[in-house]
$ cat protein.pdb   # PDB, C-alpha atoms
MODEL        1
ATOM      1  CA  MET R   1     -41.282  52.731  -3.831  1.00  0.00           C
ATOM      2  CA  GLU R   2     -39.534  53.147  -0.468  1.00  0.00           C
ATOM      3  CA  ARG R   3     -37.952  49.710  -0.825  1.00  0.00           C
ATOM      4  CA  GLU R   4     -36.323  50.785  -4.115  1.00  0.00           C
ATOM      5  CA  VAL R   5     -34.849  53.871  -2.435  1.00  0.00           C
ATOM      6  CA  VAL R   6     -33.373  51.743   0.377  1.00  0.00           C
ATOM      7  CA  LYS R   7     -31.913  49.338  -2.204  1.00  0.00           C
ATOM      8  CA  LYS R   8     -30.316  52.218  -4.127  1.00  0.00           C
ATOM      9  CA  ILE R   9     -28.834  53.615  -0.912  1.00  0.00           C
ATOM     10  CA  GLN R  10     -27.434  50.175  -0.038  1.00  0.00           C
ATOM     11  CA  LEU R  11     -25.912  49.777  -3.490  1.00  0.00           C
ATOM     12  CA  SER R  12     -24.472  53.303  -3.433  1.00  0.00           C
ATOM     13  CA  SER R  13     -22.941  52.634  -0.007  1.00  0.00           C
ATOM     14  CA  CYS R  14     -21.488  49.406  -1.365  1.00  0.00           C
ATOM     15  CA  GLY R  15     -19.987  51.384  -4.251  1.00  0.00           C
ATOM     16  CA  VAL R  16     -18.424  53.930  -1.909  1.00  0.00           C
ATOM     17  CA  ALA R  17     -16.850  51.184   0.221  1.00  0.00           C
ATOM     18  CA  VAL R  18     -15.526  49.308  -2.821  1.00  0.00           C
ATOM     19  CA  GLY R  19     -14.143  52.452  -4.457  1.00  0.00           C
ATOM     20  CA  ALA R  20     -12.475  53.625  -1.260  1.00  0.00           C
ATOM     21  CA  ALA R  21     -10.886  50.222  -0.624  1.00  0.00           C
ATOM     22  CA  ASN R  22      -9.675  49.896  -4.193  1.00  0.00           C
ATOM     23  CA  SER R  23      -8.185  53.399  -4.243  1.00  0.00           C
ATOM     24  CA  LEU R  24      -6.686  53.208  -0.771  1.00  0.00           C
ATOM     25  CA  PHE R  25      -5.079  49.784  -1.195  1.00  0.00           C
ATOM     26  CA  GLY R  26      -4.468  49.841  -4.963  1.00  0.00           C
ATOM     27  CA  GLY R  27      -6.852  46.913  -5.380  1.00  0.00           C
ATOM     28  CA  GLY R  28      -9.012  44.626  -3.355  1.00  0.00           C
ATOM     29  CA  GLY R  29     -12.300  46.360  -4.022  1.00  0.00           C
ATOM     30  CA  GLY R  30     -13.676  43.157  -5.515  1.00  0.00           C
ATOM     31  CA  MET R  31     -12.898  41.305  -2.326  1.00  0.00           C
ATOM     32  CA  ILE R  32     -15.404  43.385  -0.421  1.00  0.00           C
ATOM     33  CA  ALA R  33     -17.784  43.982  -3.346  1.00  0.00           C
ATOM     34  CA  VAL R  34     -18.936  40.374  -3.503  1.00  0.00           C
ATOM     35  CA  PRO R  35     -20.025  40.006   0.144  1.00  0.00           C
ATOM     36  CA  LEU R  36     -21.605  43.468   0.123  1.00  0.00           C
ATOM     37  CA  LEU R  37     -23.538  42.769  -3.083  1.00  0.00           C
ATOM     38  CA  VAL R  38     -24.743  39.450  -1.682  1.00  0.00           C
ATOM     39  CA  ARG R  39     -25.968  41.267   1.428  1.00  0.00           C
ATOM     40  CA  THR R  40     -28.058  43.538  -0.800  1.00  0.00           C
ATOM     41  CA  GLY R  41     -29.817  40.451  -2.172  1.00  0.00           C
ATOM     42  CA  LEU R  42     -27.818  39.687  -5.306  1.00  0.00           C
ATOM     43  CA  GLU R  43     -27.303  35.987  -6.081  1.00  0.00           C
ATOM     44  CA  GLU R  44     -23.724  34.731  -5.510  1.00  0.00           C
ATOM     45  CA  LYS R  45     -22.591  34.255  -9.104  1.00  0.00           C
ATOM     46  CA  ARG R  46     -24.206  37.530 -10.172  1.00  0.00           C
ATOM     47  CA  ALA R  47     -22.404  39.247  -7.312  1.00  0.00           C
ATOM     48  CA  HIS R  48     -19.051  37.855  -8.501  1.00  0.00           C
ATOM     49  CA  ALA R  49     -19.732  38.870 -12.107  1.00  0.00           C
ATOM     50  CA  THR R  50     -20.983  42.318 -11.067  1.00  0.00           C
ATOM     51  CA  ALA R  51     -17.922  42.852  -8.861  1.00  0.00           C
ATOM     52  CA  ILE R  52     -15.684  42.116 -11.825  1.00  0.00           C
ATOM     53  CA  LEU R  53     -17.587  44.639 -13.929  1.00  0.00           C
ATOM     54  CA  LEU R  54     -17.357  47.259 -11.176  1.00  0.00           C
ATOM     55  CA  ILE R  55     -13.616  46.870 -10.777  1.00  0.00           C
ATOM     56  CA  LEU R  56     -12.731  48.081 -14.296  1.00  0.00           C
ATOM     57  CA  PRO R  57     -13.835  51.729 -13.929  1.00  0.00           C
ATOM     58  CA  ILE R  58     -12.725  51.837 -10.291  1.00  0.00           C
ATOM     59  CA  SER R  59      -9.297  50.495 -11.218  1.00  0.00           C
ATOM     60  CA  LEU R  60      -8.946  52.922 -14.112  1.00  0.00           C
ATOM     61  CA  LEU R  61      -9.769  55.859 -11.874  1.00  0.00           C
ATOM     62  CA  SER R  62      -7.363  54.615  -9.193  1.00  0.00           C
ATOM     63  CA  PHE R  63      -4.692  54.135 -11.862  1.00  0.00           C
ATOM     64  CA  VAL R  64      -5.070  57.748 -13.026  1.00  0.00           C
ATOM     65  CA  PHE R  65      -4.537  59.016  -9.489  1.00  0.00           C
ATOM     66  CA  TYR R  66      -1.545  56.723  -8.928  1.00  0.00           C
ATOM     67  CA  VAL R  67       0.083  57.849 -12.208  1.00  0.00           C
ATOM     68  CA  TRP R  68      -0.648  61.481 -11.353  1.00  0.00           C
ATOM     69  CA  ARG R  69       1.246  61.035  -8.086  1.00  0.00           C
ATOM     70  CA  GLY R  70       4.153  59.194  -9.740  1.00  0.00           C
ATOM     71  CA  PHE R  71       3.403  55.689  -8.382  1.00  0.00           C
ATOM     72  CA  TYR R  72       3.667  53.780 -11.655  1.00  0.00           C
ATOM     73  CA  ASP R  73       6.212  51.378 -13.141  1.00  0.00           C
ATOM     74  CA  PRO R  74       5.625  50.970 -16.901  1.00  0.00           C
ATOM     75  CA  SER R  75       7.948  47.937 -17.104  1.00  0.00           C
ATOM     76  CA  VAL R  76       5.328  45.677 -15.494  1.00  0.00           C
ATOM     77  CA  LEU R  77       2.369  46.802 -17.631  1.00  0.00           C
ATOM     78  CA  VAL R  78       2.549  44.352 -20.558  1.00  0.00           C
ATOM     79  CA  PRO R  79       3.433  41.137 -18.684  1.00  0.00           C
ATOM     80  CA  THR R  80       0.914  41.869 -15.956  1.00  0.00           C
ATOM     81  CA  ALA R  81      -1.804  42.813 -18.460  1.00  0.00           C
ATOM     82  CA  LEU R  82      -1.258  39.532 -20.294  1.00  0.00           C
ATOM     83  CA  GLY R  83      -1.513  37.568 -17.059  1.00  0.00           C
ATOM     84  CA  VAL R  84      -4.605  39.440 -15.895  1.00  0.00           C
ATOM     85  CA  THR R  85      -6.275  38.881 -19.272  1.00  0.00           C
ATOM     86  CA  ALA R  86      -5.545  35.140 -19.233  1.00  0.00           C
ATOM     87  CA  GLY R  87      -6.610  34.833 -15.595  1.00  0.00           C
ATOM     88  CA  GLY R  88      -9.777  36.838 -16.216  1.00  0.00           C
ATOM     89  CA  PHE R  89     -10.730  34.614 -19.125  1.00  0.00           C
ATOM     90  CA  LEU R  90     -10.085  31.450 -17.111  1.00  0.00           C
ATOM     91  CA  GLY R  91     -11.919  32.793 -14.066  1.00  0.00           C
ATOM     92  CA  ALA R  92     -14.962  33.798 -16.119  1.00  0.00           C
ATOM     93  CA  LYS R  93     -15.116  30.319 -17.667  1.00  0.00           C
ATOM     94  CA  LEU R  94     -14.795  28.673 -14.256  1.00  0.00           C
ATOM     95  CA  LEU R  95     -17.401  30.940 -12.636  1.00  0.00           C
ATOM     96  CA  GLY R  96     -19.996  29.759 -15.140  1.00  0.00           C
ATOM     97  CA  ASN R  97     -19.238  26.088 -14.471  1.00  0.00           C
ATOM     98  CA  LEU R  98     -18.429  25.806 -10.764  1.00  0.00           C
ATOM     99  CA  PRO R  99     -21.025  25.353  -8.031  1.00  0.00           C
ATOM    100  CA  VAL R 100     -21.619  28.378  -5.783  1.00  0.00           C
ATOM    101  CA  LYS R 101     -20.168  26.575  -2.748  1.00  0.00           C
ATOM    102  CA  THR R 102     -16.903  25.903  -4.605  1.00  0.00           C
ATOM    103  CA  VAL R 103     -16.687  29.535  -5.772  1.00  0.00           C
ATOM    104  CA  ASN R 104     -17.266  30.729  -2.200  1.00  0.00           C
ATOM    105  CA  THR R 105     -14.618  28.364  -0.842  1.00  0.00           C
ATOM    106  CA  ILE R 106     -12.033  29.503  -3.396  1.00  0.00           C
ATOM    107  CA  PHE R 107     -12.951  33.143  -2.737  1.00  0.00           C
ATOM    108  CA  GLY R 108     -12.615  32.685   1.030  1.00  0.00           C
ATOM    109  CA  LEU R 109      -9.263  30.917   0.690  1.00  0.00           C
ATOM    110  CA  LEU R 110      -7.935  33.694  -1.528  1.00  0.00           C
ATOM    111  CA  GLN R 111      -9.068  36.308   0.989  1.00  0.00           C
ATOM    112  CA  LEU R 112      -7.384  34.368   3.780  1.00  0.00           C
ATOM    113  CA  ALA R 113      -4.165  33.976   1.782  1.00  0.00           C
ATOM    114  CA  ALA R 114      -4.127  37.692   0.891  1.00  0.00           C
ATOM    115  CA  GLY R 115      -4.768  38.668   4.507  1.00  0.00           C
ATOM    116  CA  LEU R 116      -2.015  36.395   5.803  1.00  0.00           C
ATOM    117  CA  PHE R 117       0.390  37.665   3.174  1.00  0.00           C
ATOM    118  CA  LEU R 118      -0.295  41.297   4.114  1.00  0.00           C
ATOM    119  CA  PHE R 119      -0.152  40.553   7.817  1.00  0.00           C
ATOM    120  CA  PHE R 120       3.224  38.828   7.650  1.00  0.00           C
ATOM    121  CA  SER R 121       4.877  41.074   5.055  1.00  0.00           C
TER     122      SER R 121
ENDMDL
END
$ encode --input "protein.pdb" --output "C-alpha cells"
Amino acid sequence: MEREVVKKIQLSSCGVAVGAANSLFGGGGGMIAVPLLVRTGLEEKRAHATAILLILPISLLSFVFYVWRGFYDPSVLVPTALGVTAGGFLGAKLLGNLPVKTVNTIFGLLQLAAGLFLFFS
C-alpha cells in the first residue's frame, strides 16, 4: 500500500513539473514528461505516448491563460493546427514501429536542437 502512495506522489510531482514548464514556456512539457515518467518506472514507449496524452489538457489550459492575457495570434491557428495534426499522426505511426533506442536518440537530438536554438536566439 505504501508503495502505491509513493508512486502517486511521484506521478503528481511529475505532473506539476510538466504543467509548470508547459505554462511557463508555452510548450515543452512533453520534453520533461518523458524522462520523468521513465524515472517513475514507465516503459519508454509508454512514457512517450503518455506524455503526448498529457500535453493536450495542459496545452489547452495554457492556451486559455495566454488568450486571457492577450498573447494570441489567430492568423497562425489553422496552418499550425494542420501541421501539428500531420506531424502527430506521423509521429504516432513512427513511435509504434521504431526501436526504443532510435526514439531516444531522436528525442535527445530534438532536445539538444531546441536548447541550442533557445540559447543562441
$ resolve_selection --input "protein.pdb" --expression "the PyMOL selection byres ((chain R and resi 37) around 12)" --output "PyMOL selection string"
chain R and resi 7-8+10-15+17-18+29-36+38-52+54
$ atom_distance --input "protein.pdb" --atom1 "atom CA of R:Gly87" --atom2 "atom CA of R:Ala113"
17.6 Å
$ residues_around --input "protein.pdb" --residues "R:Ala114" --least-positions-apart "5" --cutoff "12 Å" --atoms "all atoms listed in the file" --output "NGL selection string"
:R and (27-28 or 31 or 107-109 or 119-121)
$ atom_distance --input "protein.pdb" --atom1 "atom CA of R:Leu56" --atom2 "atom CA of R:Val103"
20.8 Å
$ closest_residue --input "protein.pdb" --among "R:Leu82, R:Thr105, R:Ser23, R:Ala92" --to "R:Val64" --atoms "only C-alpha atoms"
R:Ser23
$ closest_residue --input "protein.pdb" --among "R:Val84, R:Leu77, R:Ala20, R:Leu90" --to "R:Ile58" --atoms "all atoms listed in the file"
R:Ala20
$ atom_distance --input "protein.pdb" --atom1 "atom CA of R:Glu4" --atom2 "atom CA of R:Gly19"
22.2 Å
$ closest_residue --input "protein.pdb" --among "R:Leu24, R:Phe117, R:Val16, R:Val5" --to "R:Phe65" --atoms "all atoms listed in the file"
R:Leu24
$ closest_residue --input "protein.pdb" --among "R:Leu95, R:Ala21, R:Ala86, R:Leu118" --to "R:Ser59" --atoms "all atoms listed in the file"
R:Ala21
$ build_atoms --input "protein.pdb" --residues "stretch 24-56 of chain R" --atoms "N, CA and C atoms" --output "compact mmCIF listing (two decimals), keeping the file's coordinate frame"
# COMPACT_ATOMS: atom_id res chain seq x y z
N LEU R 24 -7.59 53.15 -1.92
CA LEU R 24 -6.69 53.21 -0.77
C LEU R 24 -5.61 52.13 -0.84
N PHE R 25 -6.01 50.92 -1.21
CA PHE R 25 -5.08 49.78 -1.20
C PHE R 25 -4.53 49.45 -2.57
N GLY R 26 -4.95 50.14 -3.62
CA GLY R 26 -4.47 49.84 -4.96
C GLY R 26 -5.09 48.58 -5.52
N GLY R 27 -6.15 48.13 -4.96
CA GLY R 27 -6.85 46.91 -5.38
C GLY R 27 -7.62 46.35 -4.20
N GLY R 28 -8.29 45.27 -4.44
CA GLY R 28 -9.01 44.63 -3.36
C GLY R 28 -10.46 45.03 -3.23
N GLY R 29 -10.90 45.95 -4.08
CA GLY R 29 -12.30 46.36 -4.02
C GLY R 29 -13.25 45.21 -4.29
N GLY R 30 -12.84 44.32 -5.19
CA GLY R 30 -13.68 43.16 -5.52
C GLY R 30 -13.84 42.21 -4.35
N MET R 31 -12.83 42.20 -3.49
CA MET R 31 -12.90 41.30 -2.33
C MET R 31 -14.00 41.71 -1.36
N ILE R 32 -14.30 42.98 -1.30
CA ILE R 32 -15.40 43.38 -0.42
C ILE R 32 -16.70 43.60 -1.21
N ALA R 33 -16.58 43.77 -2.54
CA ALA R 33 -17.78 43.98 -3.35
C ALA R 33 -18.69 42.76 -3.31
N VAL R 34 -18.12 41.58 -3.44
CA VAL R 34 -18.94 40.37 -3.50
C VAL R 34 -19.77 40.19 -2.24
N PRO R 35 -19.18 40.18 -1.04
CA PRO R 35 -20.02 40.01 0.14
C PRO R 35 -21.05 41.13 0.32
N LEU R 36 -20.66 42.36 -0.01
CA LEU R 36 -21.60 43.47 0.12
C LEU R 36 -22.76 43.34 -0.87
N LEU R 37 -22.48 42.95 -2.10
CA LEU R 37 -23.54 42.77 -3.08
C LEU R 37 -24.47 41.63 -2.70
N VAL R 38 -23.91 40.57 -2.14
CA VAL R 38 -24.74 39.45 -1.68
C VAL R 38 -25.67 39.92 -0.56
N ARG R 39 -25.15 40.75 0.31
CA ARG R 39 -25.97 41.27 1.43
C ARG R 39 -27.12 42.14 0.94
N THR R 40 -26.96 42.73 -0.25
CA THR R 40 -28.06 43.54 -0.80
C THR R 40 -29.08 42.67 -1.53
N GLY R 41 -28.84 41.36 -1.58
CA GLY R 41 -29.82 40.45 -2.17
C GLY R 41 -29.43 39.87 -3.52
N LEU R 42 -28.25 40.21 -4.01
CA LEU R 42 -27.82 39.69 -5.31
C LEU R 42 -27.36 38.24 -5.15
N GLU R 43 -27.71 37.40 -6.09
CA GLU R 43 -27.30 35.99 -6.08
C GLU R 43 -25.77 35.90 -6.22
N GLU R 44 -25.19 34.86 -5.61
CA GLU R 44 -23.72 34.73 -5.51
C GLU R 44 -22.98 34.93 -6.83
N LYS R 45 -23.33 34.16 -7.84
CA LYS R 45 -22.59 34.26 -9.10
C LYS R 45 -22.79 35.62 -9.76
N ARG R 46 -23.97 36.18 -9.63
CA ARG R 46 -24.21 37.53 -10.17
C ARG R 46 -23.38 38.56 -9.40
N ALA R 47 -23.22 38.34 -8.11
CA ALA R 47 -22.40 39.25 -7.31
C ALA R 47 -20.95 39.19 -7.77
N HIS R 48 -20.44 37.99 -8.02
CA HIS R 48 -19.05 37.85 -8.50
C HIS R 48 -18.89 38.54 -9.86
N ALA R 49 -19.82 38.27 -10.77
CA ALA R 49 -19.73 38.87 -12.11
C ALA R 49 -19.88 40.39 -12.04
N THR R 50 -20.78 40.88 -11.21
CA THR R 50 -20.98 42.32 -11.07
C THR R 50 -19.75 42.97 -10.46
N ALA R 51 -19.14 42.31 -9.48
CA ALA R 51 -17.92 42.85 -8.86
C ALA R 51 -16.82 43.00 -9.90
N ILE R 52 -16.70 42.03 -10.77
CA ILE R 52 -15.68 42.12 -11.82
C ILE R 52 -15.96 43.31 -12.73
N LEU R 53 -17.22 43.51 -13.08
CA LEU R 53 -17.59 44.64 -13.93
C LEU R 53 -17.32 45.97 -13.23
N LEU R 54 -17.58 46.03 -11.94
CA LEU R 54 -17.36 47.26 -11.18
C LEU R 54 -15.88 47.63 -11.07
N ILE R 55 -15.04 46.63 -11.03
CA ILE R 55 -13.62 46.87 -10.78
C ILE R 55 -12.94 47.61 -11.93
N LEU R 56 -13.39 47.42 -13.16
CA LEU R 56 -12.73 48.08 -14.30
C LEU R 56 -12.74 49.60 -14.16
